[in-house]
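So this block is query-v1.txt, compact mmCIF, C-alpha atoms and all ligand atoms:
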```
# COMPACT_ATOMS: atom_id res chain seq x y z
CA MET A 12 121.51 112.99 116.88
CA ASP A 13 122.87 116.38 117.83
CA GLU A 14 122.67 117.98 121.28
CA ARG A 15 119.46 119.77 120.38
CA LEU A 16 117.72 116.53 119.54
CA ILE A 17 118.91 114.90 122.74
CA GLU A 18 117.70 117.87 124.80
CA ARG A 19 114.37 117.74 122.99
CA ILE A 20 114.02 114.05 123.80
CA LYS A 21 114.82 114.72 127.45
CA THR A 22 112.19 117.46 127.58
CA ASP A 23 109.66 115.19 125.90
CA MET A 24 110.38 112.44 128.43
CA SER A 25 109.83 114.79 131.38
CA TYR A 26 106.56 115.83 129.80
CA GLU A 27 105.50 112.21 129.24
CA PHE A 28 106.23 111.25 132.85
CA ALA A 29 104.28 114.24 134.15
CA ARG A 30 101.14 114.14 132.02
CA SER A 31 97.89 112.65 133.34
CA ALA A 32 96.15 112.40 129.96
CA PRO A 33 97.05 112.72 126.29
CA PRO A 34 98.05 116.28 125.30
CA ASP A 35 95.22 118.80 125.06
CA GLY A 36 93.48 118.53 121.74
CA PHE A 37 95.07 115.21 120.82
CA PRO A 38 92.65 113.48 118.43
CA ARG A 39 90.33 110.72 119.52
CA PHE A 40 91.19 107.78 117.26
CA HIS A 41 88.48 105.70 115.69
CA ASP A 42 89.02 101.94 115.82
CA ILE A 43 91.38 100.55 113.21
CA SER A 44 89.40 98.08 111.14
CA THR A 45 90.57 94.48 111.62
CA ALA A 46 89.94 93.99 107.89
CA ARG A 47 93.13 95.93 107.24
CA HIS A 48 94.95 92.91 108.68
CA THR A 49 92.69 90.17 107.39
CA SER A 50 91.03 90.97 104.08
CA ALA A 51 92.35 89.72 100.77
CA GLU A 52 91.09 92.95 99.22
CA PHE A 53 93.22 95.17 101.44
CA TYR A 54 96.22 92.89 100.98
CA GLU A 55 95.77 93.22 97.23
CA LEU A 56 95.69 97.02 97.50
CA GLU A 57 98.99 96.89 99.37
CA GLN A 58 100.44 94.59 96.72
CA GLN A 59 99.33 96.87 93.92
CA TYR A 60 100.01 100.29 95.37
CA LEU A 61 102.14 100.10 98.53
CA TRP A 62 105.02 97.71 97.87
CA PRO A 63 105.71 98.84 94.27
CA ASN A 64 105.88 102.47 95.44
CA THR A 65 108.08 102.46 98.48
CA TRP A 66 111.78 102.23 99.31
CA VAL A 67 112.72 99.02 101.12
CA ILE A 68 116.01 97.61 102.38
CA ALA A 69 117.26 94.90 100.02
CA GLY A 70 120.74 94.26 101.43
CA ARG A 71 124.08 95.83 102.22
CA ALA A 72 126.66 97.60 100.08
CA GLU A 73 129.38 95.27 101.35
CA ASP A 74 127.46 92.36 99.85
CA VAL A 75 128.61 93.72 96.45
CA PRO A 76 132.12 95.07 97.11
CA ASN A 77 133.51 94.81 93.56
CA THR A 78 132.44 95.62 90.03
CA GLY A 79 130.06 92.96 88.76
CA ASP A 80 129.16 91.60 92.20
CA TYR A 81 125.43 90.99 92.47
CA PHE A 82 122.72 89.56 94.68
CA THR A 83 119.12 88.74 93.89
CA PHE A 84 116.20 90.20 95.83
CA ASP A 85 112.71 88.69 95.59
CA ASP A 86 110.94 90.11 98.65
CA LEU A 87 108.90 92.68 96.73
CA GLY A 88 107.20 89.79 94.95
CA VAL A 89 109.04 90.31 91.66
CA PRO A 90 112.55 89.06 90.89
CA LEU A 91 115.15 91.82 91.17
CA LEU A 92 118.92 91.85 91.10
CA VAL A 93 121.29 94.38 92.64
CA VAL A 94 124.66 94.80 90.96
CA ARG A 95 127.72 97.03 91.37
CA GLY A 96 128.65 98.68 88.08
CA SER A 97 132.01 99.49 86.55
CA ASP A 98 131.68 103.04 87.92
CA GLY A 99 131.23 101.74 91.47
CA ALA A 100 127.53 102.65 91.64
CA ILE A 101 125.03 100.06 92.84
CA ARG A 102 121.98 99.59 90.64
CA CYS A 103 118.89 97.43 90.56
CA PHE A 104 117.45 95.62 87.54
CA TYR A 105 114.61 93.18 87.15
CA ASN A 106 116.06 89.66 87.08
CA THR A 107 113.89 88.85 84.09
CA CYS A 108 115.45 88.09 80.74
CA GLN A 109 113.69 89.98 77.96
CA HIS A 110 113.84 86.95 75.68
CA ARG A 111 111.50 84.44 77.28
CA GLY A 112 111.61 85.48 80.91
CA ALA A 113 114.19 83.17 82.39
CA PRO A 114 116.02 84.55 85.41
CA VAL A 115 119.10 86.31 84.09
CA VAL A 116 121.08 85.12 87.12
CA ARG A 117 120.14 82.00 89.02
CA ASP A 118 122.50 82.20 91.98
CA ALA A 119 121.48 84.32 94.94
CA ARG A 120 124.96 85.89 94.86
CA GLY A 121 127.72 86.03 92.32
CA SER A 122 129.98 88.19 90.23
CA SER A 123 130.07 88.76 86.51
CA LYS A 124 131.28 91.55 84.21
CA ARG A 125 128.19 91.04 82.05
CA LEU A 126 124.72 89.80 82.96
CA ARG A 127 124.36 86.79 80.69
CA CYS A 128 121.09 84.89 80.81
CA GLN A 129 121.88 81.28 81.54
CA TYR A 130 119.16 80.01 79.14
CA HIS A 131 120.14 81.26 75.66
CA SER A 132 122.88 83.71 76.65
CA TRP A 133 121.22 87.00 75.88
CA THR A 134 123.67 89.38 77.54
CA TYR A 135 123.11 92.70 79.30
CA ASP A 136 125.43 95.48 80.43
CA ILE A 137 125.88 95.76 84.23
CA ASP A 138 125.83 99.58 84.13
CA ASP A 139 122.65 100.32 82.25
CA GLY A 140 121.03 96.96 81.51
CA ALA A 141 121.49 97.45 77.75
CA LEU A 142 121.12 94.33 75.67
CA VAL A 143 124.59 93.84 74.21
CA SER A 144 124.65 90.38 72.71
CA VAL A 145 122.12 87.94 71.25
CA PRO A 146 123.24 84.55 69.92
CA ASP A 147 121.90 83.74 66.41
CA GLU A 148 120.68 87.27 66.02
CA ARG A 149 119.97 86.55 62.35
CA ASP A 150 116.93 84.50 63.39
CA PHE A 151 115.13 87.46 64.96
CA VAL A 152 113.34 89.71 62.55
CA ASP A 153 113.68 93.43 63.44
CA LEU A 154 114.91 92.83 66.97
CA ASP A 155 114.50 96.10 68.89
CA TRP A 156 117.63 96.14 71.06
CA GLU A 157 116.57 99.20 73.03
CA LEU A 158 113.18 97.81 73.88
CA ARG A 159 114.75 94.55 75.07
CA CYS A 160 117.07 96.07 77.69
CA LEU A 161 116.70 94.96 81.30
CA PRO A 162 114.08 97.06 83.10
CA THR A 163 115.48 99.15 85.96
CA ALA A 164 114.27 99.78 89.51
CA GLY A 165 115.35 102.64 91.75
CA CYS A 166 118.38 101.95 93.93
CA ASP A 167 120.38 103.98 96.44
CA THR A 168 122.31 103.48 99.66
CA PHE A 169 122.15 104.98 103.10
CA ALA A 170 124.25 103.93 106.15
CA GLY A 171 125.56 100.97 104.16
CA PHE A 172 122.06 99.67 103.39
CA VAL A 173 120.97 99.16 99.79
CA PHE A 174 117.43 100.42 99.31
CA VAL A 175 115.37 99.67 96.22
CA ASN A 176 112.14 101.18 94.95
CA ARG A 177 110.22 99.83 91.96
CA ASN A 178 108.75 103.25 91.26
CA LEU A 179 111.27 105.19 89.19
CA ASP A 180 109.35 108.41 89.83
CA ALA A 181 109.57 108.06 93.62
CA PRO A 182 111.29 110.83 95.58
CA PRO A 183 115.04 110.25 96.05
CA LEU A 184 115.92 108.06 99.03
CA ARG A 185 117.42 110.87 101.20
CA GLU A 186 114.45 113.11 100.60
CA TRP A 187 112.07 110.29 101.50
CA LEU A 188 114.00 109.40 104.67
CA GLY A 189 113.99 113.09 105.55
CA PRO A 190 114.84 113.97 109.16
CA SER A 191 114.61 110.32 110.24
CA ILE A 192 118.24 109.99 109.18
CA GLU A 193 119.24 111.84 112.34
CA MET A 194 118.67 108.62 114.26
CA LEU A 195 121.22 106.61 112.27
CA ASP A 196 123.74 109.42 111.81
CA PRO A 197 126.01 108.52 114.76
CA PHE A 198 126.23 104.83 113.94
CA GLN A 199 128.86 104.84 111.17
CA GLY A 200 126.51 102.51 109.31
CA ASP A 201 128.88 102.00 106.37
CA THR A 202 131.45 100.37 108.63
CA LEU A 203 129.14 97.88 110.34
CA ARG A 204 129.03 94.22 109.38
CA GLU A 205 126.47 91.48 109.77
CA VAL A 206 126.88 89.52 113.00
CA TYR A 207 124.10 86.98 112.49
CA ARG A 208 120.63 86.71 110.98
CA GLU A 209 117.43 84.87 111.82
CA SER A 210 114.25 84.33 109.89
CA ARG A 211 110.83 83.05 110.98
CA ILE A 212 107.61 82.46 109.11
CA VAL A 213 104.83 83.81 111.31
CA PRO A 214 101.16 83.13 110.58
CA CYS A 215 99.93 86.70 110.80
CA ASN A 216 99.62 89.80 108.66
CA TRP A 217 102.87 91.76 108.23
CA LYS A 218 101.41 94.73 110.11
CA VAL A 219 100.81 92.58 113.20
CA THR A 220 104.55 91.91 113.29
CA ALA A 221 105.46 95.56 112.66
CA GLU A 222 103.03 96.91 115.28
CA ALA A 223 104.66 94.75 117.98
CA PHE A 224 107.74 96.97 117.73
CA LEU A 225 106.03 100.36 117.49
CA GLU A 226 105.01 100.72 121.13
CA VAL A 227 106.34 99.83 124.58
CA TYR A 228 102.89 99.71 126.20
CA HIS A 229 103.39 95.92 126.24
CA PHE A 230 106.97 95.96 127.46
CA ARG A 231 106.67 95.35 131.19
CA HIS A 232 103.83 92.90 130.65
CA ILE A 233 105.60 90.44 128.39
CA HIS A 234 109.31 91.28 128.66
CA SER A 235 109.70 91.37 132.47
CA HIS A 236 111.97 88.80 134.02
CA ASP A 237 111.74 87.95 137.75
CA GLY A 238 109.22 90.75 138.03
CA VAL A 239 111.67 93.35 136.68
CA SER A 240 111.13 95.35 133.52
CA VAL A 241 114.23 97.18 132.28
CA LEU A 242 112.16 100.00 130.72
CA ASP A 243 109.56 102.47 131.97
CA ASN A 244 107.05 102.98 129.18
CA ARG A 245 105.45 105.98 130.93
CA GLY A 246 108.37 108.17 129.87
CA ALA A 247 108.57 107.00 126.25
CA ALA A 248 109.35 109.99 124.00
CA MET A 249 108.11 109.48 120.46
CA GLY A 250 108.66 111.43 117.31
CA LEU A 251 106.65 111.07 114.14
CA TYR A 252 108.68 111.86 111.02
CA PRO A 253 107.23 112.62 107.59
CA ASN A 254 106.50 109.65 105.29
CA GLY A 255 105.50 107.25 108.07
CA HIS A 256 108.90 106.96 109.75
CA SER A 257 109.15 107.42 113.52
CA ARG A 258 111.34 107.12 116.58
CA MET A 259 110.82 106.09 120.20
CA ILE A 260 113.18 106.59 123.11
CA THR A 261 112.16 104.86 126.33
CA PRO A 262 113.84 105.51 129.69
CA PHE A 263 115.12 102.81 132.01
CA SER A 264 112.94 101.63 134.88
CA ARG A 265 113.81 102.47 138.48
CA GLN A 266 115.29 98.97 139.03
CA ASN A 267 117.41 99.20 135.90
CA ILE A 268 118.63 102.70 136.80
CA GLU A 269 119.92 101.27 140.10
CA ARG A 270 121.34 98.18 138.45
CA VAL A 271 123.55 100.14 136.04
CA GLY A 272 124.55 102.76 138.66
CA MET A 273 122.65 105.78 137.29
CA THR A 274 121.20 108.34 139.69
CA SER A 275 118.06 109.18 137.70
CA TRP A 276 116.36 108.32 134.42
CA ASP A 277 118.22 111.12 132.62
CA ASP A 278 121.65 110.50 134.16
CA TRP A 279 122.79 109.37 130.75
CA GLN A 280 126.35 108.11 130.58
CA HIS A 281 128.42 105.69 128.57
CA LEU A 282 128.14 102.24 130.09
CA ASP A 283 130.82 99.58 130.18
CA HIS A 284 130.24 97.08 127.37
CA GLY A 285 133.01 94.71 128.42
CA PRO A 286 134.39 92.74 125.50
CA PHE A 287 132.16 94.43 122.91
CA ARG A 288 133.58 96.94 120.50
CA THR A 289 131.50 100.10 120.72
CA ILE A 290 130.74 102.75 118.11
CA ASP A 291 132.49 105.75 119.64
CA THR A 292 130.22 108.37 118.04
CA VAL A 293 127.03 107.03 119.63
CA PRO A 294 125.64 109.41 122.29
CA ALA A 295 125.37 108.31 125.92
CA MET A 296 121.58 108.56 125.72
CA VAL A 297 121.53 105.42 123.57
CA ASP A 298 123.32 103.48 126.34
CA CYS A 299 120.81 104.47 129.01
CA THR A 300 117.52 104.13 127.13
CA SER A 301 115.85 101.95 124.56
CA THR A 302 116.29 104.00 121.39
CA ALA A 303 114.61 102.83 118.21
CA VAL A 304 113.76 104.15 114.78
CA SER A 305 111.28 102.72 112.31
CA LEU A 306 111.60 103.26 108.59
CA PHE A 307 108.32 102.98 106.72
CA PRO A 308 107.01 100.52 105.86
CA ASN A 309 108.78 97.46 107.22
CA ALA A 310 112.03 98.18 109.06
CA ILE A 311 112.42 98.63 112.82
CA ILE A 312 115.84 99.33 114.26
CA PRO A 313 116.47 99.18 118.02
CA LEU A 314 119.78 101.06 118.27
CA GLY A 315 122.68 100.30 120.59
CA ALA A 316 126.24 101.46 121.23
CA VAL A 317 127.60 98.06 120.14
CA GLY A 318 125.50 97.94 116.96
CA PHE A 319 121.88 97.12 116.21
CA PRO A 320 119.54 94.51 114.86
CA ILE A 321 117.22 95.46 112.07
CA ASN A 322 113.81 93.79 112.03
CA LEU A 323 112.17 93.40 108.63
CA PHE A 324 108.62 92.23 107.89
CA TRP A 325 107.94 90.71 104.48
CA PRO A 326 104.37 89.81 103.54
CA ILE A 327 103.82 86.36 102.06
CA ASP A 328 100.02 86.58 101.99
CA GLN A 329 97.46 88.46 104.07
CA HIS A 330 97.97 86.15 107.03
CA THR A 331 101.58 85.05 106.64
CA THR A 332 104.77 87.06 107.14
CA ARG A 333 108.45 86.38 107.03
CA LEU A 334 110.07 88.09 109.98
CA ASP A 335 113.83 88.59 109.54
CA TRP A 336 116.26 90.10 111.99
CA ILE A 337 119.84 90.84 111.14
CA TYR A 338 122.34 92.18 113.69
CA TYR A 339 124.98 94.67 112.55
CA ALA A 340 128.02 95.75 114.56
CA PRO A 341 131.57 97.02 114.14
CA PRO A 342 133.70 94.03 113.17
CA ILE A 343 135.97 92.60 115.86
CA GLU A 344 139.39 94.32 115.88
CA GLY A 345 141.67 92.94 113.23
CA THR A 346 138.87 91.35 111.20
CA ASP A 347 136.55 92.68 108.53
CA ARG A 348 133.59 90.39 109.12
CA PHE A 349 131.91 88.11 111.63
CA SER A 350 131.68 84.34 111.23
CA PRO A 351 128.08 83.69 112.29
CA ASP A 352 128.86 80.03 113.03
CA ASP A 353 131.84 80.89 115.15
CA LEU A 354 130.86 83.94 117.15
CA PRO A 355 132.77 84.96 120.27
CA GLU A 356 131.07 84.08 123.53
CA HIS A 357 129.81 87.63 124.24
CA TRP A 358 128.04 87.70 120.90
CA VAL A 359 126.57 84.22 121.41
CA LYS A 360 125.10 85.51 124.67
CA ARG A 361 123.75 88.69 123.05
CA ARG A 362 122.18 86.62 120.28
CA GLU A 363 120.43 84.50 122.89
CA VAL A 364 119.12 87.56 124.72
CA TYR A 365 117.85 89.28 121.58
CA ASN A 366 116.32 86.09 120.20
CA GLN A 367 114.55 85.61 123.54
CA ILE A 368 112.97 89.09 123.28
CA MET A 369 111.90 88.32 119.72
CA ALA A 370 110.40 84.99 120.86
CA GLU A 371 108.41 86.84 123.56
CA ASP A 372 107.05 89.23 120.94
CA GLU A 373 106.32 86.44 118.48
CA LEU A 374 104.19 84.48 120.97
CA ASN A 375 101.22 86.83 120.49
CA MET A 376 101.36 87.21 116.75
CA ALA A 377 99.62 84.09 115.44
CA PRO A 378 96.81 84.12 118.05
CA MET A 379 96.22 87.85 117.42
CA GLN A 380 95.73 87.12 113.73
CA THR A 381 93.24 84.37 114.61
CA SER A 382 91.36 86.83 116.82
CA MET A 383 91.34 89.50 114.14
CA GLU A 384 89.73 86.98 111.84
CA SER A 385 87.08 86.25 114.49
CA PRO A 386 84.00 88.48 114.75
CA ALA A 387 84.75 88.77 118.47
CA LEU A 388 87.27 91.56 117.86
CA ARG A 389 85.07 94.59 117.16
CA GLY A 390 87.88 96.86 116.01
CA ILE A 391 91.28 97.94 117.26
CA PRO A 392 91.27 100.89 119.68
CA ILE A 393 94.66 102.59 119.64
CA ASN A 394 95.84 104.79 122.50
CA TYR A 395 98.11 107.83 122.58
CA GLN A 396 101.28 105.86 123.38
CA GLU A 397 100.50 103.54 120.45
CA ARG A 398 100.29 106.46 118.03
CA ARG A 399 103.25 105.25 115.92
CA ILE A 400 100.98 102.38 114.84
CA TRP A 401 98.38 104.89 113.69
CA HIS A 402 101.12 106.84 111.90
CA LEU A 403 102.14 103.66 110.00
CA HIS A 404 98.55 103.04 108.93
CA GLU A 405 97.98 106.64 107.84
CA GLN A 406 101.03 106.44 105.59
CA ILE A 407 99.87 103.11 104.15
CA ASP A 408 96.65 104.83 103.09
CA ARG A 409 98.48 107.83 101.65
CA THR A 410 100.69 105.49 99.64
CA ILE A 411 97.83 103.36 98.37
CA GLY A 412 95.62 106.39 97.75
CA ALA A 413 92.71 106.78 100.17
CA GLU A 414 90.18 106.92 97.32
CA ARG A 415 91.03 103.30 96.41
CA ILE A 416 90.31 102.02 99.92
CA PRO A 417 86.76 101.05 100.94
CA PRO A 418 85.53 103.81 103.32
CA GLU A 419 85.02 101.40 106.22
CA LEU A 420 88.69 100.37 106.06
CA ARG A 421 90.19 103.83 105.69
CA MET A 422 92.22 105.69 108.31
CA GLU A 423 91.23 109.20 109.22
CA GLN A 424 94.25 111.41 108.55
CA VAL A 425 94.66 113.14 111.91
CA LEU A 426 98.33 113.03 112.91
CA GLY A 427 99.59 115.62 110.42
CA PRO A 428 99.92 118.39 113.05
CA TYR A 429 102.03 116.04 115.22
CA VAL A 430 104.56 115.15 112.49
CA LEU A 431 108.03 116.69 113.00
CA GLN A 432 109.00 119.01 110.23
CA PRO A 433 112.57 119.16 108.90
S1 LIG B 501 115.24 83.41 78.22
FE1 LIG B 501 117.08 84.50 78.51
S2 LIG B 501 118.17 84.16 76.71
FE2 LIG B 501 116.36 83.06 76.39
FE FE B 502 108.24 93.59 122.50
```
Can you turn what I pasted into structure tokens?
Amino acid sequence: MDERLIERIKTDMSYEFARSAPPDGFPRFHDISTARHTSAEFYELEQQYLWPNTWVIAGRAEDVPNTGDYFTFDDLGVPLLVVRGSDGAIRCFYNTCQHRGAPVVRDARGSSKRLRCQYHSWTYDIDDGALVSVPDERDFVDLDWELRCLPTAGCDTFAGFVFVNRNLDAPPLREWLGPSIEMLDPFQGDTLREVYRESRIVPCNWKVTAEAFLEVYHFRHIHSHDGVSVLDNRGAAMGLYPNGHSRMITPFSRQNIERVGMTSWDDWQHLDHGPFRTIDTVPAMVDCTSTAVSLFPNAIIPLGAVGFPINLFWPIDQHTTRLDWIYYAPPIEGTDRFSPDDLPEHWVKRREVYNQIMAEDELNMAPMQTSMESPALRGIPINYQERRIWHLHEQIDRTIGAERIPPELRMEQVLGPYVLQP
């Protein structure tokens, strides 16, 4: 987030406040088909072509601090394990023993210098997954040791997050994140630690959960308290990054500007965060706006000077999603981690406030799914300030391959000219 980006955002906000219609020439969107959120066929296309071909966040580097430390990761629908090797690199293997398919490791977390299957003790190397030991080897005829190594998935880290990708031919993580990394740059992500986490099963399609965080059109309607909304959605400055990622920076409302002692929506300054430890490299803009980045396909990060939650949406079936949110922040002075069951009072309060916002968002999700499954909803008309939702859907189609999608479910690819180029 360099000065140029911040100036650009300010200019975009002025433009957004002033406009009386979408920009000249902005495309007229067709309705998004509700079947994209409801049909088993579309869900199956996502399972076959989207999730096995995209980078997703599986955990944190500090979850595996030492050689041999591992955690399992099942949210892509296949059992994976992430392990730190003897060279310090973090890698991902399938947690599937090549003997008869038992899980190589059973515990969700652990540490071991070798990956030894708990069933018959076939043993694999933590650095390359090579099969290194087979009890009673004499009883296997022509055992092909190379063939029986643990299959690998792609794995890399950014800002302390461990990303995995089942497609070994996928572009490298940094290339895929592209310019979207500018949003997380000032946050010293490697140094942050988990404050607390929550998880909810929500009866709706995963995209219904994601879409709730891709626009602020709804903000003053469901997140106002005592008639006051802290944000003014009319000034929201959005940026569409390549590969379906995006950002949104929303200015404070008039009431909130007065409450925090600003003189105007762009009087950005560092605010007093009281007992919180702040990340000193975070620009003042973040303090005086709602600043968020979304990483395709299923991570939304509302950024803050004291840290940020990351919202993740994991499909369970076409109308069920696990919604996780995990808050990360600089650890309290003199400590290297938070104790989620024994948080200081200011964090307990912040947890309550954030969980309340999430509860307000969640209220609509299940009934929206029910409506999408009813013939009463003719289609989903998306407006200009909801264009990040369209951007998500376009990228889903590009990842699946448009030719595989029934024509009546497809997205027209129209936002290309509006995507920021590196
Ligand atoms: S299934 Fe793993 S050693 Fe037999
Ligand atoms: Fe919301």
### Query
A:Phe37, A:Phe263, A:Trp217, A:Tyr429: which is nearest Thr331 in chain A, counting all atoms listed in the file?
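Answer, going by the shortest atom-to-atom distance: A:Trp217.
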Which residues of chain A have any atom within 8 Å of an atom in ligand LIG 501 (chain B) when counting all atoms listed in the file, and what is the closest pair of atoms for each, with the distance in Å to one decimal? Order the rows by chain and rising number and write it as a Markdown table.
```
| residue | atom | partner | partner_atom | distance |
| --- | --- | --- | --- | --- |
| A:Thr107 | CA | B:LIG501 | FE1 | 7.8 |
| A:Cys108 | CA | B:LIG501 | FE1 | 4.5 |
| A:Gln109 | CA | B:LIG501 | FE1 | 6.5 |
| A:His110 | CA | B:LIG501 | S1 | 4.6 |
| A:Arg111 | CA | B:LIG501 | S1 | 4.0 |
| A:Gly112 | CA | B:LIG501 | S1 | 5.0 |
| A:Ala113 | CA | B:LIG501 | S1 | 4.3 |
| A:Pro114 | CA | B:LIG501 | FE1 | 7.0 |
| A:Val115 | CA | B:LIG501 | FE1 | 6.2 |
| A:Arg127 | CA | B:LIG501 | S2 | 7.8 |
| A:Cys128 | CA | B:LIG501 | FE1 | 4.6 |
| A:Gln129 | CA | B:LIG501 | FE1 | 6.5 |
| A:Tyr130 | CA | B:LIG501 | S2 | 4.9 |
| A:His131 | CA | B:LIG501 | S2 | 3.7 |
| A:Ser132 | CA | B:LIG501 | S2 | 4.7 |
| A:Trp133 | CA | B:LIG501 | S2 | 4.2 |
| A:Thr134 | CA | B:LIG501 | S2 | 7.6 |
| A:Val145 | CA | B:LIG501 | S2 | 7.7 |
```
### Task
Would you work out the distance separating CA of Ile68 in chain A from CA of Ile321 in chain A, expressed in Å to one decimal?
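These atoms are spaced 10.0 Å apart.
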### Task
Residues up to 6 Å from ligand FE 502 (chain B), counting all atoms listed in the file: could you list those as a ChimeraX atom specification?
/A:223-224,230,372
Produce a file of the selected residues containing C-alpha atoms, as a CSV table (one decimal), in the frame of the given file.
```
chain,number,residue,atom,x,y,z
A,223,ALA,CA,104.7,94.8,118.0
A,224,PHE,CA,107.7,97.0,117.7
A,230,PHE,CA,107.0,96.0,127.5
A,372,ASP,CA,107.0,89.2,120.9
```
### Counting only C-alpha atoms, the residue of A:Asp155, A:Asp277, A:Glu384, A:Asp328 that sits nearest Ala295 in chain A
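Checking each of A:Asp155, A:Asp277, A:Glu384, A:Asp328 against Ala295 in chain A, counting only C-alpha atoms, the winner is A:Asp277.
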### Task
One decimal, Å: what's the distance from CA of Leu314 in chain A over to CA of Ala181 in chain A, could you say?
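These two atoms are separated by 27.6 Å.
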Can you pull out the residues contacting Phe287 in chain A? Cut-off 12 Å, using all atoms listed in the file, and skip same-chain residues under 4 positions away; I want them as a PDB file with C-alpha atoms, in the coordinates of the input.
```
ATOM      1  CA  LEU A 282     128.140 102.240 130.090  1.00  0.00           C
ATOM      2  CA  ASP A 283     130.820  99.580 130.180  1.00  0.00           C
ATOM      3  CA  ASP A 291     132.490 105.750 119.640  1.00  0.00           C
ATOM      4  CA  GLY A 315     122.680 100.300 120.590  1.00  0.00           C
ATOM      5  CA  ALA A 316     126.240 101.460 121.230  1.00  0.00           C
ATOM      6  CA  VAL A 317     127.600  98.060 120.140  1.00  0.00           C
ATOM      7  CA  GLY A 318     125.500  97.940 116.960  1.00  0.00           C
ATOM      8  CA  ALA A 340     128.020  95.750 114.560  1.00  0.00           C
ATOM      9  CA  PRO A 341     131.570  97.020 114.140  1.00  0.00           C
ATOM     10  CA  PRO A 342     133.700  94.030 113.170  1.00  0.00           C
ATOM     11  CA  ILE A 343     135.970  92.600 115.860  1.00  0.00           C
ATOM     12  CA  GLU A 344     139.390  94.320 115.880  1.00  0.00           C
ATOM     13  CA  PRO A 355     132.770  84.960 120.270  1.00  0.00           C
ATOM     14  CA  GLU A 356     131.070  84.080 123.530  1.00  0.00           C
ATOM     15  CA  HIS A 357     129.810  87.630 124.240  1.00  0.00           C
ATOM     16  CA  TRP A 358     128.040  87.700 120.900  1.00  0.00           C
ATOM     17  CA  VAL A 359     126.570  84.220 121.410  1.00  0.00           C
ATOM     18  CA  LYS A 360     125.100  85.510 124.670  1.00  0.00           C
ATOM     19  CA  ARG A 361     123.750  88.690 123.050  1.00  0.00           C
TER      20      ARG A 361
END
```
